[in-house]
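Data from input_32.cif: mmCIF, C-alpha atoms and all ligand atoms; chains and numbers go by the auth columns
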```
data_coords
#
loop_
_atom_site.group_PDB
_atom_site.id
_atom_site.type_symbol
_atom_site.label_atom_id
_atom_site.label_comp_id
_atom_site.label_asym_id
_atom_site.label_seq_id
_atom_site.Cartn_x
_atom_site.Cartn_y
_atom_site.Cartn_z
_atom_site.B_iso_or_equiv
_atom_site.auth_seq_id
_atom_site.auth_asym_id
ATOM 1 C CA MET A 1 0.000 0.000 0.000 0.00 90 N
ATOM 2 C CA ALA A 2 1.664 3.132 -1.276 0.00 91 N
ATOM 3 C CA ILE A 3 -0.191 5.633 0.935 0.00 92 N
ATOM 4 C CA SER A 4 0.493 3.718 4.132 0.00 93 N
ATOM 5 C CA ARG A 5 4.165 3.483 3.231 0.00 94 N
ATOM 6 C CA THR A 6 4.315 7.233 2.545 0.00 95 N
ATOM 7 C CA VAL A 7 2.616 7.970 5.880 0.00 96 N
ATOM 8 C CA THR A 8 5.094 5.695 7.660 0.00 97 N
ATOM 9 C CA ILE A 9 8.036 7.472 6.034 0.00 98 N
ATOM 10 C CA ILE A 10 6.572 10.877 6.975 0.00 99 N
ATOM 11 C CA ILE A 11 6.099 9.734 10.567 0.00 100 N
ATOM 12 C CA ILE A 12 9.650 8.423 10.719 0.00 101 N
ATOM 13 C CA VAL A 13 10.966 11.717 9.274 0.00 102 N
ATOM 14 C CA VAL A 14 8.924 13.741 11.800 0.00 103 N
ATOM 15 C CA VAL A 15 10.147 11.570 14.691 0.00 104 N
ATOM 16 C CA VAL A 16 13.765 11.882 13.539 0.00 105 N
ATOM 17 C CA VAL A 17 13.419 15.659 13.195 0.00 106 N
ATOM 18 C CA ILE A 18 11.830 15.973 16.634 0.00 107 N
ATOM 19 C CA ALA A 19 14.412 13.671 18.196 0.00 108 N
ATOM 20 C CA GLY A 20 17.181 15.645 16.529 0.00 109 N
ATOM 21 C CA GLY A 21 15.698 18.874 17.805 0.00 110 N
ATOM 22 C CA VAL A 22 15.428 17.531 21.324 0.00 111 N
ATOM 23 C CA ALA A 23 18.987 16.200 21.124 0.00 112 N
ATOM 24 C CA ALA A 24 20.214 19.557 19.834 0.00 113 N
ATOM 25 C CA LEU A 25 18.358 21.352 22.593 0.00 114 N
ATOM 26 C CA PHE A 26 19.777 18.969 25.157 0.00 115 N
ATOM 27 C CA LEU A 27 23.309 19.449 23.860 0.00 116 N
ATOM 28 C CA THR A 28 22.883 23.207 23.788 0.00 117 N
ATOM 29 C CA THR A 29 21.582 23.217 27.331 0.00 118 N
ATOM 30 C CA THR A 30 24.230 20.917 28.742 0.00 119 N
ATOM 31 C CA GLY A 31 26.968 22.502 26.644 0.00 120 N
ATOM 32 C CA THR A 32 26.394 25.855 28.246 0.00 121 N
ATOM 33 C CA THR A 33 27.719 26.010 31.758 0.00 122 N
ATOM 34 C CA THR A 34 26.408 29.010 33.580 0.00 123 N
ATOM 35 C CA THR A 35 28.626 30.187 36.395 0.00 124 N
ATOM 36 C CA THR A 36 27.102 32.724 38.689 0.00 125 N
ATOM 37 C CA THR A 37 29.553 34.612 40.847 0.00 126 N
ATOM 38 C CA THR A 38 28.016 36.746 43.513 0.00 127 N
ATOM 39 C CA THR A 39 30.233 39.436 44.959 0.00 128 N
ATOM 40 C CA THR A 40 28.823 41.014 48.056 0.00 129 N
ATOM 41 C CA THR A 41 30.163 44.433 48.879 0.00 130 N
ATOM 42 C CA THR A 42 29.300 45.389 52.411 0.00 131 N
ATOM 43 C CA GLN A 43 31.478 48.520 52.586 0.00 132 N
ATOM 44 C CA PRO A 44 29.248 51.515 53.196 0.00 133 N
ATOM 45 C CA ALA A 45 29.432 54.611 51.061 0.00 134 N
ATOM 46 C CA ALA A 46 32.171 56.971 52.099 0.00 135 N
ATOM 47 C CA LYS A 47 31.430 60.320 53.677 0.00 136 N
ATOM 48 C CA VAL A 48 33.023 62.734 51.227 0.00 137 N
ATOM 49 C CA PHE A 49 34.667 66.065 52.049 0.00 138 N
ATOM 50 C CA ASN A 50 35.945 68.348 49.299 0.00 139 N
ATOM 51 C CA ILE A 51 38.567 70.722 50.645 0.00 140 N
ATOM 52 C CA THR A 52 40.608 73.390 48.941 0.00 141 N
ATOM 53 C CA ALA A 53 44.085 74.419 50.054 0.00 142 N
ATOM 54 C CA ARG A 54 45.418 77.943 49.729 0.00 143 N
ATOM 55 C CA ASP A 55 48.440 79.868 50.984 0.00 144 N
ATOM 56 C CA PHE A 56 47.779 79.471 53.899 0.00 145 N
ATOM 57 C CA GLY A 57 44.544 77.855 54.879 0.00 146 N
ATOM 58 C CA PHE A 58 41.905 75.292 54.059 0.00 147 N
ATOM 59 C CA ASP A 59 38.621 76.130 52.355 0.00 148 N
ATOM 60 C CA GLY A 60 39.430 79.806 51.999 0.00 149 N
ATOM 61 C CA PHE A 61 39.963 80.316 55.690 0.00 150 N
ATOM 62 C CA GLN A 62 42.964 82.326 56.775 0.00 151 N
ATOM 63 C CA GLY A 63 43.391 80.530 60.035 0.00 152 N
ATOM 64 C CA PRO A 64 41.810 77.312 61.212 0.00 153 N
ATOM 65 C CA GLY A 65 39.571 75.711 58.593 0.00 154 N
ATOM 66 C CA PRO A 66 36.100 74.335 59.190 0.00 155 N
ATOM 67 C CA THR A 67 35.743 71.479 61.660 0.00 156 N
ATOM 68 C CA ILE A 68 35.145 68.079 60.116 0.00 157 N
ATOM 69 C CA THR A 69 32.998 65.749 62.214 0.00 158 N
ATOM 70 C CA VAL A 70 32.450 62.057 61.497 0.00 159 N
ATOM 71 C CA LYS A 71 31.247 59.055 63.475 0.00 160 N
ATOM 72 C CA VAL A 72 33.563 56.280 64.589 0.00 161 N
ATOM 73 C CA GLY A 73 33.740 53.485 62.043 0.00 162 N
ATOM 74 C CA GLU A 74 32.722 55.699 59.168 0.00 163 N
ATOM 75 C CA THR A 75 34.567 55.517 55.887 0.00 164 N
ATOM 76 C CA VAL A 76 35.836 58.986 55.080 0.00 165 N
ATOM 77 C CA GLN A 77 36.984 60.296 51.736 0.00 166 N
ATOM 78 C CA ILE A 78 38.831 63.607 51.579 0.00 167 N
ATOM 79 C CA ASN A 79 39.473 65.237 48.241 0.00 168 N
ATOM 80 C CA LEU A 80 42.022 68.040 48.362 0.00 169 N
ATOM 81 C CA ARG A 81 42.396 70.606 45.607 0.00 170 N
ATOM 82 C CA ASN A 82 45.391 72.884 45.776 0.00 171 N
ATOM 83 C CA GLN A 83 44.378 76.379 44.719 0.00 172 N
ATOM 84 C CA GLY A 84 47.437 77.963 46.273 0.00 173 N
ATOM 85 C CA GLY A 85 50.713 78.924 44.713 0.00 174 N
ATOM 86 C CA LEU A 86 52.763 76.567 46.873 0.00 175 N
ATOM 87 C CA LYS A 87 52.731 72.846 47.457 0.00 176 N
ATOM 88 C CA HIS A 88 50.369 71.689 50.194 0.00 177 N
ATOM 89 C CA GLU A 89 49.519 68.442 51.910 0.00 178 N
ATOM 90 C CA LEU A 90 46.749 67.215 54.169 0.00 179 N
ATOM 91 C CA VAL A 91 47.462 64.819 56.977 0.00 180 N
ATOM 92 C CA ILE A 92 45.142 63.700 59.760 0.00 181 N
ATOM 93 C CA THR A 93 47.298 64.121 62.835 0.00 182 N
ATOM 94 C CA SER A 94 46.887 63.748 66.567 0.00 183 N
ATOM 95 C CA SER A 95 49.208 66.702 67.187 0.00 184 N
ATOM 96 C CA LEU A 96 49.761 70.144 65.713 0.00 185 N
ATOM 97 C CA THR A 97 53.358 70.315 66.886 0.00 186 N
ATOM 98 C CA ILE A 98 54.553 67.104 65.256 0.00 187 N
ATOM 99 C CA GLU A 99 53.252 65.302 62.209 0.00 188 N
ATOM 100 C CA ALA A 100 51.680 62.290 63.902 0.00 189 N
ATOM 101 C CA ALA A 101 49.514 60.721 61.231 0.00 190 N
ATOM 102 C CA VAL A 102 46.491 58.725 62.319 0.00 191 N
ATOM 103 C CA PHE A 103 44.261 56.383 60.280 0.00 192 N
ATOM 104 C CA ASN A 104 47.165 56.296 57.803 0.00 193 N
ATOM 105 C CA ALA A 105 45.416 59.331 56.318 0.00 194 N
ATOM 106 C CA HIS A 106 47.893 61.454 54.417 0.00 195 N
ATOM 107 C CA ILE A 107 47.571 63.264 51.111 0.00 196 N
ATOM 108 C CA HIS A 108 51.193 63.975 50.333 0.00 197 N
ATOM 109 C CA LEU A 109 52.413 67.276 48.887 0.00 198 N
ATOM 110 C CA ILE A 110 50.367 68.372 45.912 0.00 199 N
ATOM 111 C CA ASP A 111 51.499 70.835 43.276 0.00 200 N
ATOM 112 C CA PRO A 112 49.533 74.048 42.701 0.00 201 N
ATOM 113 C CA GLY A 113 46.449 73.384 40.618 0.00 202 N
ATOM 114 C CA GLN A 114 46.536 69.644 41.317 0.00 203 N
ATOM 115 C CA SER A 115 44.305 67.403 43.423 0.00 204 N
ATOM 116 C CA GLY A 116 44.713 64.417 45.696 0.00 205 N
ATOM 117 C CA SER A 117 42.445 62.058 47.568 0.00 206 N
ATOM 118 C CA ILE A 118 42.434 59.665 50.499 0.00 207 N
ATOM 119 C CA THR A 119 39.887 57.188 51.779 0.00 208 N
ATOM 120 C CA PHE A 120 40.151 55.720 55.248 0.00 209 N
ATOM 121 C CA VAL A 121 38.099 54.367 58.122 0.00 210 N
ATOM 122 C CA ALA A 122 37.936 56.632 61.153 0.00 211 N
ATOM 123 C CA ASP A 123 38.037 53.685 63.542 0.00 212 N
ATOM 124 C CA LYS A 124 39.058 55.454 66.755 0.00 213 N
ATOM 125 C CA PRO A 125 37.092 58.216 68.426 0.00 214 N
ATOM 126 C CA GLY A 126 38.872 61.376 69.454 0.00 215 N
ATOM 127 C CA LYS A 127 39.849 64.901 68.578 0.00 216 N
ATOM 128 C CA TYR A 128 42.349 65.136 65.762 0.00 217 N
ATOM 129 C CA PHE A 129 43.385 67.713 63.203 0.00 218 N
ATOM 130 C CA TYR A 130 43.854 67.920 59.492 0.00 219 N
ATOM 131 C CA ALA A 131 46.926 69.983 58.726 0.00 220 N
ATOM 132 C CA CYS A 132 49.701 70.871 56.320 0.00 221 N
ATOM 133 C CA PHE A 133 53.200 70.489 57.706 0.00 222 N
ATOM 134 C CA SER A 134 55.010 71.742 54.618 0.00 223 N
ATOM 135 C CA ASP A 135 57.644 74.419 55.074 0.00 224 N
ATOM 136 C CA ASP A 136 58.122 75.006 51.329 0.00 225 N
ATOM 137 C CA GLY A 137 61.601 73.608 51.779 0.00 226 N
ATOM 138 C CA THR A 138 62.812 77.080 52.713 0.00 227 N
ATOM 139 C CA SER A 139 60.445 78.715 55.179 0.00 228 N
ATOM 140 C CA PRO A 140 61.386 78.700 58.854 0.00 229 N
ATOM 141 C CA LYS A 141 57.721 78.111 59.605 0.00 230 N
ATOM 142 C CA LYS A 142 55.567 75.176 58.710 0.00 231 N
ATOM 143 C CA HIS A 143 52.193 75.964 57.184 0.00 232 N
ATOM 144 C CA VAL A 144 50.506 74.479 60.247 0.00 233 N
ATOM 145 C CA GLU A 145 52.169 77.246 62.264 0.00 234 N
ATOM 146 C CA LEU A 146 50.463 79.706 59.932 0.00 235 N
ATOM 147 C CA ASN A 147 47.168 78.198 61.056 0.00 236 N
ATOM 148 C CA MET A 148 46.844 75.868 58.085 0.00 237 N
ATOM 149 C CA TYR A 149 44.801 73.258 59.922 0.00 238 N
ATOM 150 C CA GLY A 150 41.308 72.417 61.091 0.00 239 N
ATOM 151 C CA GLU A 151 39.800 70.113 63.667 0.00 240 N
ATOM 152 C CA PHE A 152 38.880 66.570 62.747 0.00 241 N
ATOM 153 C CA ILE A 153 36.458 65.097 65.267 0.00 242 N
ATOM 154 C CA VAL A 154 35.592 61.406 65.415 0.00 243 N
ATOM 155 C CA GLU A 155 32.494 60.963 67.572 0.00 244 N
ATOM 156 C CA ALA A 156 32.116 57.768 69.583 0.00 245 N
HETATM 157 CU CU CU B . 50.750 73.861 53.058 0.00 301 N
#
```
Structure translated into structure tokens:
Amino acid sequence: MAISRTVTIIIIVVVVVIAGGVAALFLTTTGTTTTTTTTTTTQPAAKVFNITARDFGFDGFQGPGPTITVKVGETVQINLRNQGGLKHELVITSSLTIEAAVFNAHIHLIDPGQSGSITFVADKPGKYFYACFSDDGTSPKKHVELNMYGEFIVEA
């Protein structure tokens, strides 16, 4: 019977095509290994302070600059822009008479017109200062002695 034979062939072809499709799908699925890497960042956003340095003061102040207050454990970012004509630095220090850096927070000498940045965790409460201890390499006085500093308070 010719018709029956044709139907059988069609069925076989359809089955082969479907089986091939399923096999292809299976291979595609198993051939693709999906690796999901989850990176969890728990660090909080930094508290940002933008400060300008001039000859001689911070943020336009001739004399002590504005007090910076943060909470213990906070991540602090300080961006310093030197708008003076001399090199300036910014160090968080526990003393105004010696450069005693705390929190490893020190933006080293920056050329006029340039900027620098530090990010640190203020992990110990207390009263500190941000200051510039540069002496221009020639001056008998350090900039901190010309009142180039401000208070940096870490609240408990
Ligand atoms: Cu300075």
Determine, counting all atoms listed in the file, every residue of protein, DNA or RNA that lies within 12 Å of (57.0, 73.6, 57.1) in the file coordinates, then give the result as a PyMOL selection string.
chain N and resi 145+175-178+185-188+198+220-237
From the options N:Thr158, N:Leu179, N:Ala194, N:Asn139, which residue's atoms come nearest to ligand CU 301 (chain N), counting all atoms listed in the file?
N:Leu179
Residue nearest Ala135 (chain N) - candidates N:Ala190, N:His197, N:Val210, N:Phe147, atoms counted: only C-alpha atoms
N:Val210
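Candidate residues N:Ile242, N:Val137, N:Ala142, N:Ala189 were compared for distance to ligand CU 301 (chain N), and the nearest is N:Ala142, using all atoms listed in the file.
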Looking at N:Val161, N:Ile140, N:Asn171, N:Gly154, which one is nearest to ligand CU 301 (chain N), with distances taken over only C-alpha atoms and all ligand atoms?
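Of the candidates, the smallest distance to ligand CU 301 (chain N) is held by N:Asn171.
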